[in-house]
>>> print(open('protein07.txt').read())   # compact mmCIF, C-alpha atoms
# COMPACT_ATOMS: atom_id res chain seq x y z
CA MET L 9 103.72 99.31 112.15
CA ALA L 10 107.10 100.07 110.58
CA GLU L 11 107.62 98.80 107.04
CA ASP L 12 110.91 97.40 105.81
CA ASP L 13 113.07 98.66 102.94
CA ILE L 14 111.39 96.33 100.43
CA LEU L 15 107.94 97.78 101.11
CA ALA L 16 109.40 101.30 101.10
CA ALA L 17 110.89 100.65 97.66
CA ALA L 18 107.55 99.28 96.43
CA ARG L 19 105.83 102.45 97.67
CA ALA L 20 108.41 104.58 95.85
CA ARG L 21 107.69 102.67 92.62
CA ALA L 22 103.96 103.18 93.21
CA GLU L 23 104.46 106.93 93.49
CA GLU L 24 106.44 106.96 90.25
CA VAL L 25 103.65 105.26 88.28
CA GLY L 26 100.79 107.06 90.03
CA VAL L 27 99.39 104.16 92.06
CA ALA L 28 98.02 104.63 95.59
CA PRO L 29 98.83 101.45 97.55
CA ILE L 30 97.18 100.37 100.79
CA GLY L 31 98.58 102.06 103.90
CA SER L 32 100.79 100.24 106.38
CA GLY L 33 97.90 99.79 108.85
CA GLY L 34 95.71 98.21 106.19
CA GLY L 35 98.63 96.10 105.01
CA ALA L 36 99.21 94.80 108.52
CA ALA L 37 95.50 93.96 108.75
CA LEU L 38 95.72 91.99 105.48
CA ARG L 39 98.72 90.04 106.74
CA PHE L 40 96.87 89.30 109.99
CA LEU L 41 93.76 88.10 108.15
CA ALA L 42 95.78 85.89 105.80
CA SER L 43 97.59 84.44 108.81
CA VAL L 44 94.41 83.78 110.83
CA LEU L 45 92.86 82.07 107.80
CA ASP L 46 96.05 80.02 107.29
CA ALA L 47 95.47 81.11 103.71
CA ARG L 48 96.68 78.88 100.91
CA ALA L 49 94.88 80.62 98.02
CA VAL L 50 94.23 84.37 97.82
CA VAL L 51 92.93 86.56 94.97
CA GLU L 52 93.84 90.22 94.70
CA ILE L 53 92.17 92.72 92.36
CA GLY L 54 94.59 95.59 91.77
CA THR L 55 98.22 94.45 91.88
CA GLY L 56 99.76 97.92 91.90
CA THR L 57 103.47 97.60 92.60
CA GLY L 58 103.08 94.73 95.03
CA VAL L 59 102.63 96.50 98.38
CA SER L 60 99.38 94.77 99.38
CA GLY L 61 100.47 91.56 97.67
CA LEU L 62 103.62 91.38 99.78
CA TRP L 63 101.67 92.00 102.98
CA LEU L 64 99.29 89.16 101.98
CA LEU L 65 102.10 86.77 101.02
CA ARG L 66 103.83 87.39 104.34
CA GLY L 67 100.67 86.31 106.17
CA MET L 68 99.86 83.30 104.02
CA ARG L 69 101.13 79.76 104.43
CA SER L 70 104.62 79.16 103.08
CA ASP L 71 103.08 77.12 100.25
CA GLY L 72 100.29 79.63 99.62
CA VAL L 73 99.70 81.16 96.17
CA LEU L 74 98.57 84.72 95.52
CA THR L 75 96.65 85.27 92.27
CA THR L 76 96.85 88.97 91.52
CA VAL L 77 94.96 90.72 88.73
CA ASP L 78 95.69 94.14 87.23
CA ILE L 79 94.84 95.84 83.96
CA GLU L 80 98.38 97.31 83.80
CA ALA L 81 101.02 94.74 82.87
CA GLU L 82 103.76 97.26 83.70
CA HIS L 83 102.52 97.52 87.28
CA GLN L 84 102.65 93.75 87.55
CA ARG L 85 106.24 93.76 86.32
CA LEU L 86 107.09 96.15 89.16
CA ALA L 87 105.17 93.97 91.62
CA LYS L 88 107.23 90.95 90.54
CA GLU L 89 110.36 92.99 91.35
CA THR L 90 108.95 93.64 94.82
CA PHE L 91 108.18 89.95 95.41
CA ASN L 92 111.58 88.92 94.07
CA ASP L 93 113.37 91.44 96.32
CA ALA L 94 111.47 89.97 99.28
CA GLY L 95 112.63 86.45 98.42
CA ILE L 96 109.16 85.22 97.48
CA PRO L 97 109.47 82.18 95.17
CA ALA L 98 108.12 82.96 91.68
CA ASN L 99 105.56 80.14 91.86
CA ARG L 100 103.84 81.76 94.85
CA ALA L 101 102.64 84.84 92.93
CA ARG L 102 100.51 84.30 89.83
CA THR L 103 99.99 87.56 87.95
CA ILE L 104 97.16 87.86 85.45
CA ALA L 105 96.98 90.98 83.27
CA GLY L 106 93.39 91.96 82.61
CA ALA L 107 90.29 93.66 84.00
CA GLY L 108 89.01 92.20 87.26
CA LEU L 109 85.55 91.45 85.90
CA ASP L 110 87.05 89.65 82.89
CA VAL L 111 89.35 87.47 84.99
CA LEU L 112 87.31 86.67 88.12
CA PRO L 113 84.61 84.64 86.32
CA ARG L 114 87.34 82.29 85.06
CA LEU L 115 88.54 81.41 88.57
CA THR L 116 87.35 78.33 90.48
CA ASP L 117 84.27 78.44 92.73
CA GLY L 118 84.85 77.90 96.45
CA HIS L 119 88.61 77.58 96.02
CA TYR L 120 89.90 80.70 97.77
CA ASP L 121 90.49 81.57 101.41
CA MET L 122 90.55 85.32 100.82
CA VAL L 123 89.75 87.91 98.15
CA PHE L 124 91.21 91.43 98.42
CA CYS L 125 89.68 94.16 96.25
CA ASP L 126 91.49 97.40 95.47
CA GLY L 127 90.51 97.91 91.84
CA ASP L 128 87.91 100.11 90.16
CA LYS L 129 85.66 101.42 92.97
CA ARG L 130 82.68 101.55 90.61
CA GLU L 131 82.96 97.76 90.23
CA TYR L 132 83.09 96.94 93.95
CA GLY L 133 79.53 95.55 93.97
CA ALA L 134 80.34 93.22 91.08
CA TYR L 135 83.61 92.18 92.77
CA LEU L 136 81.59 91.24 95.87
CA ALA L 137 79.30 88.94 93.87
CA GLU L 138 82.33 87.21 92.35
CA ALA L 139 84.13 87.01 95.70
CA VAL L 140 81.20 85.29 97.42
CA ARG L 141 81.30 82.64 94.68
CA LEU L 142 85.08 82.24 94.85
CA LEU L 143 85.39 81.98 98.63
CA ARG L 144 85.26 78.77 100.59
CA PRO L 145 82.89 78.78 103.59
CA GLY L 146 84.67 80.76 106.29
CA GLY L 147 86.66 82.71 103.70
CA VAL L 148 87.05 86.48 103.85
CA VAL L 149 86.65 89.31 101.35
CA ALA L 150 88.27 92.70 102.03
CA PHE L 151 87.78 96.05 100.30
CA ASP L 152 90.25 98.91 100.57
CA ASN L 153 89.14 102.58 100.54
CA ALA L 154 85.86 101.76 102.27
CA LEU L 155 85.79 105.30 103.72
CA TRP L 156 86.93 106.84 100.41
CA HIS L 157 88.63 109.87 101.96
CA ASP L 158 85.65 110.36 104.34
CA ARG L 159 83.31 110.88 101.38
CA VAL L 160 81.19 107.76 102.03
CA ALA L 161 79.82 109.10 105.32
CA ASP L 162 78.86 112.44 103.73
CA PRO L 163 75.43 112.10 102.06
CA ALA L 164 76.14 115.21 99.98
CA GLN L 165 78.84 113.28 98.08
CA ARG L 166 77.07 111.69 95.11
CA ASP L 167 79.88 110.91 92.66
CA GLU L 168 79.87 107.47 91.05
CA GLU L 169 82.73 105.97 93.09
CA THR L 170 81.42 107.21 96.46
CA VAL L 171 77.91 105.93 95.71
CA ALA L 172 79.29 102.53 94.64
CA ILE L 173 81.25 102.13 97.90
CA ARG L 174 78.25 103.31 99.95
CA ASP L 175 76.02 100.77 98.16
CA LEU L 176 78.61 98.05 98.78
CA GLY L 177 78.45 98.69 102.52
CA ARG L 178 74.67 98.39 102.49
CA THR L 179 74.73 95.23 100.36
CA ILE L 180 77.19 93.54 102.70
CA ALA L 181 75.25 94.61 105.81
CA ASP L 182 72.02 93.22 104.33
CA ASN L 183 73.57 89.88 103.30
CA GLU L 184 72.79 87.28 105.96
CA SER L 185 75.52 84.98 104.66
CA LEU L 186 78.21 87.57 105.50
CA VAL L 187 79.57 88.75 108.85
CA SER L 188 81.29 92.09 108.39
CA VAL L 189 83.32 94.79 110.10
CA LEU L 190 84.68 98.13 108.94
CA LEU L 191 88.25 98.46 110.22
CA PRO L 192 89.22 102.14 110.67
CA VAL L 193 92.75 101.69 109.32
CA GLY L 194 94.06 103.97 106.58
CA ASP L 195 91.22 104.83 104.21
CA GLY L 196 89.00 102.12 105.71
CA LEU L 197 89.13 98.35 105.22
CA LEU L 198 85.73 96.68 104.91
CA VAL L 199 86.03 92.99 105.74
CA ALA L 200 83.35 90.30 105.46
CA LYS L 201 83.43 86.60 106.28
CA LYS L 202 81.40 84.09 104.28
CA VAL L 203 79.40 82.20 106.87
CA TRP L 204 79.61 78.43 106.84
CA THR L 205 76.20 76.86 106.44
CA PRO L 206 75.68 73.10 106.71
CA GLU L 207 74.29 71.35 103.63
CA THR L 208 70.56 70.79 104.02
>>> encode(input="protein07.txt", output="structure tokens")
Amino acid sequence: MAEDDILAAARARAEEVGVAPIGSGGGAALRFLASVLDARAVVEIGTGTGVSGLWLLRGMRSDGVLTTVDIEAEHQRLAKETFNDAGIPANRARTIAGAGLDVLPRLTDGHYDMVFCDGDKREYGAYLAEAVRLLRPGGVVAFDNALWHDRVADPAQRDEETVAIRDLGRTIADNESLVSVLLPVGDGLLVAKKVWTPET
């Protein structure tokens, strides 16, 4: 899917500051998911320069708010430029500077339609635990780099990040309250829906 000049500029900024944003296929998948969910509240871990955030915002409801978390305040400043260039009202993108695992516990349980994780791969398992708490029933969590440059499928690869992503896949597959799929777009997008269960 062709990206417009605003996304191209955001990618150029990302290259300048050494950030690897989600690919256009993964971005289109995020927009689709946000649209299907009619998302009003989305959390993103890893703001970068706003590439994934803009894809999400373009899929969300017109009154939807993206809460995006990044340890680098400078990246968030660049992301705000991206959102501004795209005509996104300032009140629709809430940027929080800080580590994902410091910020997520402060967010409201069951309030979010979607959580997108593209932060520290070694923390993916912990992000999942927080995401399950944050999501409403029927909400979706998505993880970028689920294939990790084809390292995850290679059992000989035992570095910390690869192992963490591999473990995440197993944890999600074993969790009966999640329905998941690995989308083979870009570097892999692992998506899981929080199943709605009636109160007993």
>>> closest_residue(input="protein07.txt", among="L:Pro192, L:Pro97, L:Gly133, L:Gly108", to="L:Thr55", atoms="all atoms listed in the file")
L:Gly108
>>> residues_around(input="protein07.txt", residues="L:Phe40", least_positions_apart="3", cutoff="12 Å", atoms="only C-alpha atoms", output="list in words")
Gly33, Gly34, Gly35, Ala36, Ala37, Ser43, Val44, Leu45, Asp46, Ala47, Trp63, Leu64, Leu65, Arg66, Gly67, Met68, Arg69, Met122 and Val148 of chain L
>>> atom_distance(input="protein07.txt", atom1="atom CA of L:Asp12", atom2="atom CA of L:Ser70")
19.5 Å
>>> residues_around(input="protein07.txt", residues="stretch 137-144 of chain L", least_positions_apart="4", cutoff="10 Å", atoms="all atoms listed in the file", output="PyMOL selection string")
chain L and resi 49-51+108-109+112-113+115-125+132-133+148-150+185-186+200-204
>>> residues_around(input="protein07.txt", residues="stretch 159-169 of chain L", least_positions_apart="5", cutoff="10 Å", atoms="all atoms listed in the file", output="ChimeraX atom specification")
/L:128-132,153-154,174-175,177
>>> closest_residue(input="protein07.txt", among="L:Ser60, L:Asn92, L:Thr179, L:Thr103", to="L:Asp78", atoms="only C-alpha atoms")
L:Thr103
>>> closest_atom_pairs(input="protein07.txt", of="stretch 88-181 of chain L", to="stretch 14-20 of chain L", cutoff="8 Å", atoms="only C-alpha atoms", output="JSON lines")
{"residue": "L:Thr90", "atom": "CA", "partner": "L:Ala18", "partner_atom": "CA", "distance": 6.0}
{"residue": "L:Asp93", "atom": "CA", "partner": "L:Ile14", "partner_atom": "CA", "distance": 6.7}
{"residue": "L:Ala94", "atom": "CA", "partner": "L:Ile14", "partner_atom": "CA", "distance": 6.5}
>>> atom_distance(input="protein07.txt", atom1="atom CA of L:Gly56", atom2="atom CA of L:Ile173")
19.9 Å
>>> residues_near_point(input="protein07.txt", point="(90.1, 103.0, 102.1)", cutoff="7 Å", atoms="only C-alpha atoms", output="MDAnalysis selection string")
chainID L and resid 152:156 194:197
>>> closest_residue(input="protein07.txt", among="L:Ala101, L:Arg178, L:Asp110, L:Pro145", to="L:Arg85", atoms="all atoms listed in the file")
L:Ala101
>>> closest_residue(input="protein07.txt", among="L:Val199, L:Ile53, L:Ala107, L:Ile96", to="L:Gly72", atoms="only C-alpha atoms")
L:Ile96
>>> residues_around(input="protein07.txt", residues="L:Ala98", least_positions_apart="4", cutoff="10 Å", atoms="all atoms listed in the file", output="number ranges by chain")
L: 73, 88, 91-92, 102
>>> write_last_selection(input="protein07.txt", atoms="C-alpha atoms", output="mmCIF file, in the coordinates of the input")
data_model
loop_
_atom_site.group_PDB
_atom_site.id
_atom_site.type_symbol
_atom_site.label_atom_id
_atom_site.label_comp_id
_atom_site.auth_asym_id
_atom_site.auth_seq_id
_atom_site.Cartn_x
_atom_site.Cartn_y
_atom_site.Cartn_z
ATOM 1 C CA VAL L 73 99.700 81.160 96.170
ATOM 2 C CA LYS L 88 107.230 90.950 90.540
ATOM 3 C CA PHE L 91 108.180 89.950 95.410
ATOM 4 C CA ASN L 92 111.580 88.920 94.070
ATOM 5 C CA ARG L 102 100.510 84.300 89.830
#
